[in-house]
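Colleague: Okay, so here is data-v1.txt, and as you'll see once you scroll down, it has compact mmCIF, C-alpha atoms and all ligand atoms.
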# COMPACT_ATOMS: atom_id res chain seq x y z
CA MET A 1 12.91 -20.74 -90.64
CA PRO A 2 14.31 -17.95 -92.86
CA LEU A 3 12.67 -14.78 -91.54
CA PRO A 4 10.78 -13.54 -94.59
CA VAL A 5 8.83 -16.81 -95.04
CA ARG A 6 6.67 -16.28 -91.97
CA ASP A 7 6.13 -12.62 -92.73
CA VAL A 8 5.40 -13.23 -96.41
CA VAL A 9 2.87 -15.94 -95.53
CA GLY A 10 1.50 -13.64 -92.81
CA ILE A 11 0.97 -10.80 -95.27
CA LEU A 12 -0.76 -13.12 -97.73
CA ALA A 13 -3.00 -14.57 -94.99
CA ASP A 14 -3.82 -11.09 -93.65
CA ASN A 15 -4.77 -9.93 -97.14
CA LEU A 16 -6.96 -12.98 -97.69
CA ARG A 17 -8.71 -12.39 -94.36
CA LEU A 18 -9.07 -8.63 -94.61
CA ARG A 19 -9.38 -8.03 -98.35
CA GLY A 20 -10.51 -11.31 -99.93
CA SER A 21 -7.33 -11.95 -101.93
CA VAL A 22 -3.68 -12.67 -101.23
CA LEU A 23 -2.87 -9.76 -103.56
CA PRO A 24 -5.87 -7.44 -103.47
CA ILE A 25 -6.39 -5.53 -106.70
CA PRO A 26 -9.26 -3.15 -107.45
CA ALA A 27 -12.43 -4.90 -108.66
CA ARG A 28 -12.49 -2.67 -111.75
CA ARG A 29 -9.09 -4.10 -112.71
CA ALA A 30 -10.02 -7.72 -111.95
CA THR A 31 -13.19 -7.45 -114.06
CA ALA A 32 -11.88 -5.21 -116.87
CA TRP A 33 -11.51 -8.18 -119.23
CA ALA A 34 -15.31 -8.68 -119.26
CA ARG A 35 -16.09 -5.21 -120.52
CA ASP A 36 -17.89 -5.33 -123.88
CA LEU A 37 -18.48 -9.09 -123.76
CA GLY A 38 -22.11 -8.81 -122.66
CA ILE A 39 -21.86 -11.57 -120.06
CA PRO A 40 -24.94 -11.59 -117.80
CA ARG A 41 -24.45 -11.08 -114.06
CA GLY A 42 -24.84 -14.27 -111.99
CA GLY A 43 -26.85 -17.31 -113.08
CA GLU A 44 -26.87 -21.01 -112.25
CA THR A 45 -23.69 -21.55 -114.30
CA VAL A 46 -20.90 -19.00 -113.98
CA LEU A 47 -17.44 -18.54 -115.44
CA TYR A 48 -15.20 -18.27 -112.40
CA THR A 49 -11.76 -16.76 -113.05
CA GLY A 50 -10.57 -16.63 -109.43
CA GLN A 51 -8.59 -13.60 -110.71
CA MET A 52 -5.59 -15.83 -111.45
CA TYR A 53 -4.68 -14.55 -114.91
CA GLN A 54 -5.53 -10.97 -113.95
CA LEU A 55 -3.17 -11.18 -110.94
CA ILE A 56 -0.08 -12.27 -112.87
CA PRO A 57 1.16 -8.76 -113.84
CA TYR A 58 0.83 -7.69 -110.19
CA ILE A 59 2.63 -10.79 -108.94
CA GLU A 60 5.41 -10.16 -111.43
CA ARG A 61 5.86 -6.59 -110.21
CA LEU A 62 5.99 -7.78 -106.61
CA VAL A 63 8.46 -10.57 -107.36
CA ARG A 64 10.78 -8.10 -109.10
CA LEU A 65 10.55 -5.77 -106.11
CA GLU A 66 11.13 -8.65 -103.70
CA GLN A 67 14.20 -9.75 -105.65
CA ARG A 68 15.61 -6.21 -105.44
CA LEU A 69 14.90 -6.07 -101.71
CA GLY A 70 15.91 -9.66 -100.97
CA ASP A 71 19.58 -9.04 -100.36
CA SER A 72 19.24 -5.53 -98.99
CA PRO A 73 18.98 -4.48 -95.32
CA LEU A 74 15.32 -3.61 -95.98
CA ALA A 75 14.51 -7.33 -96.00
CA ARG A 76 14.93 -7.25 -92.23
CA PHE A 77 11.87 -5.06 -91.99
CA SER A 78 9.45 -7.65 -93.36
CA GLY A 79 7.79 -7.83 -89.92
CA VAL A 80 7.17 -4.09 -90.02
CA ALA A 81 5.82 -4.47 -93.54
CA ARG A 82 3.36 -7.06 -92.30
CA ARG A 83 2.07 -4.78 -89.55
CA ALA A 84 1.75 -1.86 -91.97
CA ASN A 85 -0.01 -4.04 -94.51
CA ARG A 86 -2.75 -4.80 -91.97
CA LEU A 87 -3.65 -1.11 -92.02
CA VAL A 88 -3.06 -0.26 -95.67
CA ASN A 89 -3.24 -2.42 -98.80
CA GLY A 90 0.47 -2.54 -99.68
CA VAL A 91 -0.09 -4.13 -103.10
CA ALA A 92 -2.00 -1.06 -104.26
CA PHE A 93 1.11 1.03 -103.60
CA VAL A 94 3.96 -1.11 -104.82
CA ALA A 95 2.57 -3.20 -107.69
CA ARG A 96 1.25 -1.10 -110.53
CA PRO A 97 1.66 -2.89 -113.84
CA GLY A 98 1.09 -0.92 -117.02
CA ALA A 99 -1.90 -1.29 -119.32
CA SER A 100 -0.05 -3.49 -121.84
CA GLU A 101 1.13 -5.88 -119.08
CA ARG A 102 -2.44 -6.17 -117.79
CA ALA A 103 -3.89 -6.63 -121.28
CA GLU A 104 -1.53 -9.53 -122.00
CA TYR A 105 -3.05 -11.62 -119.18
CA ASP A 106 -6.59 -10.16 -119.22
CA ARG A 107 -6.82 -11.55 -122.73
CA VAL A 108 -7.11 -15.13 -121.47
CA PRO A 109 -10.39 -14.88 -119.50
CA ALA A 110 -11.80 -12.91 -122.44
CA ASN A 111 -10.65 -15.68 -124.82
CA VAL A 112 -12.33 -18.31 -122.67
CA ALA A 113 -15.59 -16.36 -122.50
CA ARG A 114 -15.59 -15.98 -126.30
CA LEU A 115 -14.86 -19.69 -126.80
CA LEU A 116 -17.73 -20.69 -124.53
CA GLN A 117 -20.05 -18.22 -126.26
CA LYS A 118 -19.09 -19.60 -129.69
CA ALA A 119 -19.62 -23.16 -128.42
CA GLY A 120 -23.15 -22.20 -127.33
CA VAL A 121 -22.55 -22.61 -123.59
CA ALA A 122 -24.82 -20.39 -121.45
CA PHE A 123 -23.03 -18.81 -118.50
CA GLY A 124 -22.88 -15.72 -116.33
CA TYR A 125 -20.13 -13.97 -114.40
CA LEU A 126 -20.06 -12.69 -110.83
CA TYR A 127 -18.02 -9.54 -111.63
CA GLU A 128 -16.83 -8.01 -108.33
CA ASP A 129 -17.93 -11.18 -106.52
CA ASP A 130 -15.52 -13.33 -108.56
CA LEU A 131 -12.97 -13.64 -105.75
CA TYR A 132 -9.52 -15.21 -105.63
CA SER A 133 -9.73 -18.86 -104.51
CA GLY A 134 -7.00 -18.76 -101.83
CA ALA A 135 -4.73 -21.19 -103.75
CA LEU A 136 -1.38 -19.69 -102.79
CA ALA A 137 -2.26 -19.34 -99.11
CA HIS A 138 -3.43 -22.97 -99.15
CA ASP A 139 -0.15 -24.13 -100.68
CA LEU A 140 1.81 -22.30 -98.01
CA GLY A 141 -0.15 -23.90 -95.18
CA ALA A 142 -2.16 -20.87 -94.00
CA ASP A 143 -5.10 -23.20 -93.39
CA GLU A 144 -7.24 -21.11 -91.02
CA ALA A 145 -7.25 -18.11 -93.36
CA VAL A 146 -8.06 -20.37 -96.32
CA ALA A 147 -10.92 -22.14 -94.51
CA ALA A 148 -12.52 -18.78 -93.61
CA HIS A 149 -12.06 -17.55 -97.16
CA ALA A 150 -13.57 -20.73 -98.65
CA ARG A 151 -16.67 -20.20 -96.50
CA ARG A 152 -16.89 -16.63 -97.80
CA VAL A 153 -16.60 -17.69 -101.46
CA VAL A 154 -19.14 -20.49 -101.02
CA GLY A 155 -21.49 -18.01 -99.30
CA ILE A 156 -21.24 -15.77 -102.36
CA LEU A 157 -21.91 -18.69 -104.73
CA ARG A 158 -24.97 -19.60 -102.66
CA LYS A 159 -26.19 -15.98 -102.58
CA HIS A 160 -26.16 -15.95 -106.38
CA GLY A 161 -27.78 -19.40 -106.65
CA VAL A 162 -24.76 -20.82 -108.52
CA ARG A 163 -24.95 -24.58 -109.14
CA GLU A 164 -22.12 -24.99 -111.65
CA VAL A 165 -18.81 -23.22 -112.01
CA ILE A 166 -16.60 -23.18 -115.10
CA THR A 167 -13.00 -22.43 -114.19
CA ILE A 168 -10.19 -21.19 -116.42
CA ASP A 169 -6.98 -22.19 -114.60
CA PRO A 170 -5.78 -25.32 -112.76
CA HIS A 171 -5.22 -23.73 -109.35
CA THR A 172 -8.74 -22.32 -109.05
CA THR A 173 -10.11 -25.60 -110.42
CA THR A 174 -8.49 -27.74 -107.73
CA MET A 175 -9.37 -25.30 -104.95
CA LEU A 176 -13.06 -25.14 -105.87
CA ARG A 177 -13.38 -28.78 -106.87
CA THR A 178 -11.14 -30.71 -104.48
CA VAL A 179 -10.18 -28.47 -101.53
CA TYR A 180 -13.40 -26.56 -100.80
CA PRO A 181 -15.50 -29.72 -100.26
CA LYS A 182 -13.14 -30.58 -97.38
CA LEU A 183 -13.52 -27.13 -95.86
CA VAL A 184 -17.18 -26.22 -96.31
CA GLU A 185 -19.98 -28.52 -95.20
CA GLY A 186 -22.72 -29.12 -97.74
CA TYR A 187 -20.73 -27.62 -100.62
CA ASP A 188 -22.14 -29.25 -103.73
CA VAL A 189 -21.30 -26.92 -106.61
CA ARG A 190 -20.25 -28.75 -109.79
CA VAL A 191 -16.83 -27.52 -110.92
CA ARG A 192 -15.36 -28.08 -114.36
CA SER A 193 -12.48 -26.53 -116.23
CA TYR A 194 -13.47 -24.83 -119.51
CA LEU A 195 -11.18 -27.36 -121.20
CA GLU A 196 -13.43 -30.16 -119.97
CA VAL A 197 -16.57 -28.26 -120.99
CA LEU A 198 -15.28 -27.52 -124.49
CA ALA A 199 -13.85 -31.02 -124.98
CA GLU A 200 -17.32 -32.38 -124.21
CA CYS A 201 -19.40 -30.01 -126.32
CA GLY A 202 -16.90 -29.42 -129.15
CA LEU A 203 -15.70 -26.22 -130.79
CA PRO A 204 -17.16 -24.75 -133.97
CA VAL A 205 -13.94 -24.60 -135.99
CA GLY A 206 -13.92 -21.86 -138.65
CA VAL A 207 -10.75 -22.39 -140.63
CA PRO A 208 -8.61 -25.22 -139.26
CA LEU A 209 -5.10 -24.38 -138.07
CA SER A 210 -1.93 -26.15 -139.09
CA GLY A 211 1.42 -26.64 -137.43
CA THR A 212 2.88 -28.39 -134.41
CA VAL A 213 2.87 -27.24 -130.81
CA ALA A 214 4.78 -28.63 -127.86
CA ILE A 215 2.39 -29.18 -124.97
CA HIS A 216 3.28 -28.23 -121.41
CA ASP A 217 0.89 -29.91 -118.97
CA SER A 218 0.18 -28.14 -115.70
CA CYS A 219 1.14 -30.31 -112.69
CA VAL A 220 -2.14 -29.39 -111.05
CA TYR A 221 -4.35 -30.22 -114.02
CA ALA A 222 -2.48 -33.45 -114.77
CA ARG A 223 -1.71 -34.86 -111.32
CA TYR A 224 -4.33 -33.28 -109.07
CA GLU A 225 -7.33 -33.14 -111.40
CA GLY A 226 -6.62 -35.80 -114.04
CA ILE A 227 -7.01 -33.33 -116.92
CA VAL A 228 -4.66 -34.68 -119.59
CA ASP A 229 -6.70 -35.78 -122.63
CA GLU A 230 -8.93 -32.73 -122.91
CA PRO A 231 -6.34 -30.17 -124.03
CA ARG A 232 -4.93 -32.70 -126.52
CA ARG A 233 -8.38 -33.44 -127.96
CA LEU A 234 -9.12 -29.72 -128.30
CA LEU A 235 -5.82 -28.89 -129.97
CA GLY A 236 -6.29 -31.85 -132.33
CA SER A 237 -9.83 -30.76 -133.13
CA VAL A 238 -8.60 -27.38 -134.39
CA GLY A 239 -5.99 -29.01 -136.63
CA LEU A 240 -2.83 -28.66 -134.57
CA THR A 241 -0.38 -31.52 -134.10
CA VAL A 242 0.60 -31.97 -130.46
CA ALA A 243 4.27 -32.74 -129.81
CA GLU A 244 4.86 -34.52 -126.51
CA PRO A 245 8.03 -33.44 -124.72
CA GLU A 246 10.03 -35.58 -122.33
CA ASN A 247 7.90 -35.58 -119.15
CA ALA A 248 4.39 -35.11 -120.49
CA GLY A 249 0.86 -35.78 -119.25
CA GLN A 250 0.87 -37.47 -115.82
CA TRP A 251 4.66 -37.25 -115.84
CA THR A 252 4.86 -33.55 -116.60
CA TRP A 253 7.75 -31.47 -115.30
CA CYS A 254 6.94 -28.47 -113.11
CA CYS A 255 7.47 -24.95 -114.51
CA GLY A 256 9.13 -23.94 -111.23
CA GLY A 257 6.58 -21.17 -110.69
CA PRO A 258 5.39 -22.22 -107.23
CA ALA A 259 8.90 -21.57 -105.86
CA GLU A 260 9.30 -18.22 -107.56
CA SER A 261 8.29 -15.82 -104.83
CA LEU A 262 10.42 -17.42 -102.10
CA PHE A 263 13.16 -19.20 -104.08
CA PRO A 264 13.57 -17.43 -107.44
CA THR A 265 16.92 -19.03 -108.35
CA THR A 266 15.51 -22.53 -107.88
CA ALA A 267 12.42 -21.62 -109.88
CA ALA A 268 14.51 -20.28 -112.77
CA ALA A 269 16.65 -23.43 -112.92
CA ILE A 270 13.61 -25.72 -113.07
CA ALA A 271 11.92 -23.53 -115.69
CA GLY A 272 15.12 -23.47 -117.75
CA LYS A 273 15.27 -27.26 -117.83
CA ARG A 274 11.61 -27.42 -118.86
CA VAL A 275 12.10 -24.92 -121.68
CA GLU A 276 14.89 -27.12 -123.04
CA GLN A 277 12.61 -30.16 -123.01
CA LEU A 278 9.86 -28.24 -124.79
CA ARG A 279 12.12 -26.58 -127.34
CA ALA A 280 13.52 -29.99 -128.25
CA VAL A 281 10.17 -31.02 -129.76
CA ALA A 282 8.78 -27.78 -131.27
CA PRO A 283 9.50 -24.04 -131.38
CA ASP A 284 5.89 -23.23 -130.41
CA CYS A 285 4.61 -24.24 -126.99
CA VAL A 286 1.14 -24.25 -125.53
CA THR A 287 0.47 -23.76 -121.80
CA MET A 288 -2.75 -23.90 -119.78
CA CYS A 289 -1.88 -22.17 -116.51
CA PRO A 290 -0.96 -18.50 -115.92
CA ILE A 291 1.91 -19.39 -113.60
CA CYS A 292 3.41 -21.81 -116.13
CA LEU A 293 3.02 -19.23 -118.88
CA VAL A 294 4.79 -16.39 -117.11
CA ASN A 295 7.54 -18.53 -115.63
CA LEU A 296 8.38 -20.39 -118.84
CA ARG A 297 8.30 -17.15 -120.85
CA LYS A 298 10.86 -15.66 -118.52
CA ALA A 299 13.08 -18.75 -118.80
CA ALA A 300 12.71 -18.93 -122.59
CA ASN A 301 13.67 -15.27 -122.89
CA GLY A 302 12.42 -15.09 -126.46
CA THR A 303 14.02 -18.34 -127.65
CA MET A 304 10.66 -20.06 -128.19
CA ARG A 305 7.06 -18.96 -128.58
CA LEU A 306 4.79 -19.64 -125.62
CA ARG A 307 1.06 -19.02 -125.76
CA ASP A 308 -1.95 -19.94 -123.67
CA ILE A 309 -4.07 -22.74 -125.14
CA SER A 310 -7.05 -20.38 -125.35
CA ASP A 311 -5.16 -18.19 -127.84
CA HIS A 312 -4.75 -21.13 -130.22
CA LEU A 313 -8.34 -22.33 -129.81
CA LEU A 314 -9.74 -18.86 -130.42
CA ASP A 315 -7.65 -18.53 -133.59
CA ALA A 316 -9.44 -21.59 -134.92
CA VAL A 317 -12.96 -20.41 -134.17
CA ALA A 318 -12.23 -16.89 -135.39
CA GLU A 319 -13.44 -16.04 -138.85
CA ARG A 320 -9.99 -16.30 -140.38
CA GLY A 321 -7.78 -19.27 -139.47
CA VAL A 322 -4.02 -18.89 -139.24
CA SER A 323 -1.28 -21.43 -138.78
CA ALA A 324 0.55 -21.86 -135.48
CA ALA A 325 3.72 -20.67 -137.15
CA HIS A 326 2.01 -17.37 -137.90
CA VAL A 327 0.15 -16.84 -134.66
CA GLY A 328 2.97 -17.54 -132.27
CA GLY A 329 4.31 -14.01 -132.26
CA GLN A 330 4.16 -13.46 -128.51
CA THR A 331 7.63 -14.14 -127.25
CA GLN A 332 8.03 -12.04 -124.13
CA MET B 1 25.40 -34.68 -82.15
CA SER B 2 22.45 -34.08 -79.79
CA VAL B 3 18.92 -33.58 -81.03
CA LEU B 4 15.91 -32.09 -79.32
CA ALA B 5 12.72 -34.17 -79.45
CA THR B 6 9.39 -32.36 -79.62
CA ALA B 7 6.92 -34.11 -77.34
CA GLY B 8 3.72 -35.21 -79.08
CA MET B 9 4.86 -33.88 -82.43
CA ILE B 10 3.11 -36.52 -84.49
CA ARG B 11 -0.14 -35.77 -82.67
CA GLN B 12 0.31 -32.07 -83.40
CA LEU B 13 0.83 -32.85 -87.07
CA GLU B 14 -2.17 -35.17 -87.27
CA ALA B 15 -4.31 -32.50 -85.64
CA ILE B 16 -3.45 -30.16 -88.52
CA GLY B 17 -4.50 -32.60 -91.24
CA PRO B 18 -4.03 -36.13 -92.60
CA PHE B 19 -0.35 -37.02 -92.12
CA ASP B 20 0.63 -40.45 -93.40
CA ALA B 21 4.41 -40.36 -93.01
CA GLU B 22 4.39 -43.79 -91.33
CA ALA B 23 3.48 -45.36 -94.70
CA CYS B 24 6.84 -44.25 -96.13
CA MET B 25 9.21 -47.17 -96.79
CA ASN B 26 12.25 -44.93 -97.09
CA CYS B 27 12.93 -46.15 -100.65
CA GLY B 28 14.05 -42.80 -102.09
CA VAL B 29 12.05 -42.98 -105.32
CA CYS B 30 10.45 -39.62 -104.51
CA SER B 31 13.80 -37.87 -104.29
CA ALA B 32 14.87 -39.37 -107.61
CA ALA B 33 11.72 -38.00 -109.26
CA CYS B 34 11.86 -34.57 -107.61
CA PRO B 35 12.82 -31.57 -109.75
CA LEU B 36 14.47 -30.13 -106.65
CA GLY B 37 16.64 -33.25 -106.27
CA ILE B 38 18.63 -33.61 -103.11
CA ASP B 39 17.53 -30.25 -101.74
CA LEU B 40 14.30 -31.87 -100.66
CA LEU B 41 14.22 -35.36 -99.20
CA PRO B 42 10.66 -36.22 -98.19
CA ARG B 43 11.69 -39.52 -96.63
CA ARG B 44 14.12 -37.78 -94.30
CA LEU B 45 11.54 -35.16 -93.29
CA PHE B 46 9.07 -37.92 -92.54
CA ARG B 47 11.60 -39.75 -90.32
CA TYR B 48 12.25 -36.52 -88.41
CA ALA B 49 8.52 -36.04 -87.90
CA LEU B 50 7.94 -39.63 -86.78
CA LEU B 51 10.84 -39.36 -84.33
CA GLY B 52 9.56 -36.03 -83.04
CA LEU B 53 12.72 -34.18 -84.11
CA GLY B 54 11.11 -30.76 -84.31
CA ASP B 55 14.44 -28.91 -84.39
CA ARG B 56 15.44 -30.86 -87.50
CA ILE B 57 12.15 -29.90 -89.13
CA HIS B 58 12.90 -26.27 -88.32
CA ASP B 59 16.35 -26.63 -89.86
CA ALA B 60 14.72 -28.00 -93.03
CA SER B 61 12.22 -25.16 -93.35
CA GLY B 62 13.92 -23.82 -96.49
CA PRO B 63 13.47 -27.09 -98.43
CA ILE B 64 10.00 -27.55 -96.95
CA PHE B 65 8.86 -24.16 -98.24
CA SER B 66 10.64 -24.62 -101.57
CA CYS B 67 8.62 -27.77 -102.43
CA LEU B 68 6.67 -27.10 -105.63
CA LEU B 69 3.76 -29.35 -104.57
CA CYS B 70 4.06 -30.68 -108.11
CA ARG B 71 3.40 -34.32 -107.12
CA ALA B 72 6.07 -35.77 -109.38
CA CYS B 73 7.10 -37.70 -106.28
CA GLU B 74 3.60 -38.96 -105.50
CA ALA B 75 3.13 -40.19 -109.06
CA SER B 76 6.09 -42.54 -108.46
CA CYS B 77 5.74 -43.42 -104.77
CA PRO B 78 5.24 -47.21 -104.41
CA ALA B 79 3.58 -46.79 -101.00
CA GLY B 80 1.05 -44.18 -102.13
CA VAL B 81 2.22 -41.68 -99.51
CA HIS B 82 0.39 -38.34 -99.72
CA ILE B 83 3.68 -36.49 -99.86
CA THR B 84 2.41 -33.03 -100.82
CA GLU B 85 -0.30 -33.04 -98.18
CA ASN B 86 2.34 -34.04 -95.62
CA VAL B 87 4.53 -31.15 -96.79
CA ARG B 88 1.60 -28.75 -96.39
CA VAL B 89 1.02 -30.07 -92.88
CA LEU B 90 4.69 -29.50 -92.03
CA ARG B 91 4.43 -25.93 -93.37
CA HIS B 92 1.40 -25.27 -91.23
CA TRP B 93 3.21 -26.68 -88.21
CA LEU B 94 6.24 -24.44 -88.87
CA LEU B 95 4.02 -21.37 -89.22
CA GLN B 96 2.27 -22.22 -85.95
CA GLU B 97 5.54 -22.84 -84.18
CA GLY B 98 7.32 -19.72 -85.33
CA SER B 99 11.03 -19.78 -85.66
S1 LIG C 401 8.73 -42.70 -102.70
FE1 LIG C 401 7.17 -42.87 -101.06
S2 LIG C 401 7.80 -44.67 -99.87
FE2 LIG C 401 9.61 -44.07 -101.12
S3 LIG C 401 10.79 -42.68 -99.78
FE3 LIG C 401 9.42 -41.37 -100.98
S4 LIG C 401 7.56 -41.13 -99.70
FE4 LIG C 401 8.75 -42.86 -98.87
S1 LIG C 402 5.94 -32.19 -104.74
FE1 LIG C 402 7.78 -31.34 -103.73
S2 LIG C 402 8.93 -33.19 -103.04
FE2 LIG C 402 7.43 -33.89 -104.57
S3 LIG C 402 8.54 -33.90 -106.53
FE3 LIG C 402 7.48 -31.89 -106.38
S4 LIG C 402 8.99 -30.50 -105.46
FE4 LIG C 402 9.73 -32.62 -105.08
Mind converting the file's structure to structure tokens?
Ligand code: SF4
Ligand code: SF4
Modeller:
Amino acid sequence: MPLPVRDVVGILADNLRLRGSVLPIPARRATAWARDLGIPRGGETVLYTGQMYQLIPYIERLVRLEQRLGDSPLARFSGVARRANRLVNGVAFVARPGASERAEYDRVPANVARLLQKAGVAFGYLYEDDLYSGALAHDLGADEAVAAHARRVVGILRKHGVREVITIDPHTTTMLRTVYPKLVEGYDVRVRSYLEVLAECGLPVGVPLSGTVAIHDSCVYARYEGIVDEPRRLLGSVGLTVAEPENAGQWTWCCGGPAESLFPTTAAAIAGKRVEQLRAVAPDCVTMCPICLVNLRKAANGTMRLRDISDHLLDAVAERGVSAAHVGGQTQ
Amino acid sequence: MSVLATAGMIRQLEAIGPFDAEACMNCGVCSAACPLGIDLLPRRLFRYALLGLGDRIHDASGPIFSCLLCRACEASCPAGVHITENVRVLRHWLLQEGS
């Protein structure tokens, strides 16, 4: 196998085992989004972020570094890096995104919390106990580390008396809902995506939006968790017209993101093809996964507007409604 | 060309997790649906595993780790093979084996 794969997986598994996340970031960073939102600590129902959106700026920094190192002689020292990482948290040294990068992705969990609050859903948050789910390590086959981590997360949920979890991204949803029951005996926490929760209870729409958005389904939501109708119902309920690209719903086309850290050229080609499919039906696109969002934004390179679904939904429940054409300014 | 068979490979894989490669009919629909195209051929990987060709699995470690786990293949597979779970099992086996 190409050398870095084992060492990269080893570093991720070590981090999960030793520090509770594949990319350990300080708890104050992972929970910064919740400041000023007045979310109670704990409770029977909690919003569980799994740190996915908060981690994206750090992952991006690491991927850029990895791409610079990839072809250099330093790549040969990945084994040394793994041994050093066991002693010192390497992420804390090499990945330091700026405040604006962090704010761009911290906005999504804050959006979701506001949407749930406006919809009248009662929930708490575990703050520093809201741990990463282990999704990436699971995908890469680091099963022992993931099983131990799942037991740790479930122990925390039990300690807080959590009976229902509301998730905000597809990867954390499938880990907590579909993978953990196979790994932890007696695990019986109810897990729903906030899209399912909001589609069921409805959103209090302030001023309806107008415009058309191309929808990019997450592979994991659509094909692992069967979440296809909910985002469409929600977007329709706030007044947006959903444009279906080639390969939509159950037949969605991957954003390429899962290959990005190990095979960036492949990932970029797949994302580029997807951007073409999306751009063919509308200049504004809605995503529902942090990995899709960052990967498609990079591939689009400013040629279309890509926003998280929570941005659109929050526009509609805000006091002043705006059309999709006006709100799609984020083009990075 | 000579190949090296890995004794008891299928048992090793099944010990890691559910591995249903024997259900594969070798039809190729998965490869047609795959965004990675011919870089990743699940049916060929599954043959290697069933035949115990561990060295061939090692040689294919790049494609195995590049799989997106997107399940576009599974959505089309007429035999209902759990392709992504099989890929995860092969990854785990490669990590255990070393290179
Ligand atoms: S689509 Fe299914 S049955 Fe056909 S080759 Fe692929 S895994 Fe085998
Ligand atoms: S899960 Fe892997 S093999 Fe199947 S379509 Fe996606 S990338 Fe191809």
Colleague: Which residues are near ligand LIG 402 (chain C) - at most 8 Å, using only C-alpha atoms and all ligand atoms? Format: as a ChimeraX atom specification.
Modeller: /A:254 /B:30-31,33-37,40-42,66-74,83-84,87
Colleague: Using 9 Å as the limit and counting all atoms listed in the file, can you tabulate each residue of chain B that touches ligand LIG 401 (chain C), with its shortest atom-to-atom distance in Å and the two atoms involved, as JSON lines?
Modeller:
{"residue": "B:Ala21", "atom": "CA", "partner": "C:LIG401", "partner_atom": "S4", "distance": 7.4}
{"residue": "B:Glu22", "atom": "CA", "partner": "C:LIG401", "partner_atom": "FE4", "distance": 8.8}
{"residue": "B:Ala23", "atom": "CA", "partner": "C:LIG401", "partner_atom": "S2", "distance": 6.8}
{"residue": "B:Cys24", "atom": "CA", "partner": "C:LIG401", "partner_atom": "FE4", "distance": 3.6}
{"residue": "B:Met25", "atom": "CA", "partner": "C:LIG401", "partner_atom": "S2", "distance": 4.2}
{"residue": "B:Asn26", "atom": "CA", "partner": "C:LIG401", "partner_atom": "S3", "distance": 3.8}
{"residue": "B:Cys27", "atom": "CA", "partner": "C:LIG401", "partner_atom": "FE2", "distance": 3.9}
{"residue": "B:Gly28", "atom": "CA", "partner": "C:LIG401", "partner_atom": "S3", "distance": 4.0}
{"residue": "B:Val29", "atom": "CA", "partner": "C:LIG401", "partner_atom": "S1", "distance": 4.2}
{"residue": "B:Cys30", "atom": "CA", "partner": "C:LIG401", "partner_atom": "S1", "distance": 4.0}
{"residue": "B:Ser31", "atom": "CA", "partner": "C:LIG401", "partner_atom": "FE3", "distance": 6.5}
{"residue": "B:Ala32", "atom": "CA", "partner": "C:LIG401", "partner_atom": "S1", "distance": 8.5}
{"residue": "B:Ala33", "atom": "CA", "partner": "C:LIG401", "partner_atom": "S1", "distance": 8.6}
{"residue": "B:Leu41", "atom": "CA", "partner": "C:LIG401", "partner_atom": "FE3", "distance": 7.9}
{"residue": "B:Pro42", "atom": "CA", "partner": "C:LIG401", "partner_atom": "FE3", "distance": 6.0}
{"residue": "B:Arg43", "atom": "CA", "partner": "C:LIG401", "partner_atom": "S3", "distance": 4.6}
{"residue": "B:Arg44", "atom": "CA", "partner": "C:LIG401", "partner_atom": "S3", "distance": 8.1}
{"residue": "B:Phe46", "atom": "CA", "partner": "C:LIG401", "partner_atom": "S4", "distance": 8.0}
{"residue": "B:Cys73", "atom": "CA", "partner": "C:LIG401", "partner_atom": "S1", "distance": 6.4}
{"residue": "B:Glu74", "atom": "CA", "partner": "C:LIG401", "partner_atom": "FE1", "distance": 6.9}
{"residue": "B:Ala75", "atom": "CA", "partner": "C:LIG401", "partner_atom": "S1", "distance": 8.8}
{"residue": "B:Ser76", "atom": "CA", "partner": "C:LIG401", "partner_atom": "S1", "distance": 6.3}
{"residue": "B:Cys77", "atom": "CA", "partner": "C:LIG401", "partner_atom": "S1", "distance": 3.7}
{"residue": "B:Pro78", "atom": "CA", "partner": "C:LIG401", "partner_atom": "S2", "distance": 5.8}
{"residue": "B:Ala79", "atom": "CA", "partner": "C:LIG401", "partner_atom": "S2", "distance": 4.9}
{"residue": "B:Gly80", "atom": "CA", "partner": "C:LIG401", "partner_atom": "FE1", "distance": 6.3}
{"residue": "B:Val81", "atom": "CA", "partner": "C:LIG401", "partner_atom": "FE1", "distance": 5.3}
{"residue": "B:His82", "atom": "CA", "partner": "C:LIG401", "partner_atom": "S4", "distance": 7.7}
{"residue": "B:Ile83", "atom": "CA", "partner": "C:LIG401", "partner_atom": "S4", "distance": 6.1}
Colleague: Measure the distance from atom CA of A:Ile39 to atom CA of A:Pro231 in Å and round it to one decimal.
Modeller: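 Going from atom CA of A:Ile39 over to atom CA of A:Pro231, I get 24.5 Å.
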Colleague: Please report the interatomic distance between atom CA of A:Thr178 and atom CA of A:Arg192 in Å with one decimal.
Modeller: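 Between these atoms lies a distance of 11.1 Å.
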Colleague: Distance atom CA of A:Val153-atom CA of A:Thr49, one decimal place?
Modeller: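 Those two atoms sit 12.6 Å apart.
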Colleague: Hey, what's within 8 Å of A:Asn111 if we count all atoms listed in the file and toss same-chain stuff fewer than 6 positions away? As an NGL selection string, please?
Modeller: :A and (310-311 or 314)
Colleague: How close does each residue of chain A get to chain B, giving the shortest atom pair and distance in Å to one decimal for every residue with an atom at most 6 Å away, counting all atoms listed in the file, sorted by chain and residue number, as CSV?
Modeller:
residue,atom,partner,partner_atom,distance
A:Met1,CA,B:Ser61,CA,5.2
A:Gly141,CA,B:His92,CA,4.5
A:Cys219,CA,B:Cys70,CA,5.4
A:Pro258,CA,B:Leu68,CA,5.3
A:Ala259,CA,B:Ser66,CA,5.5
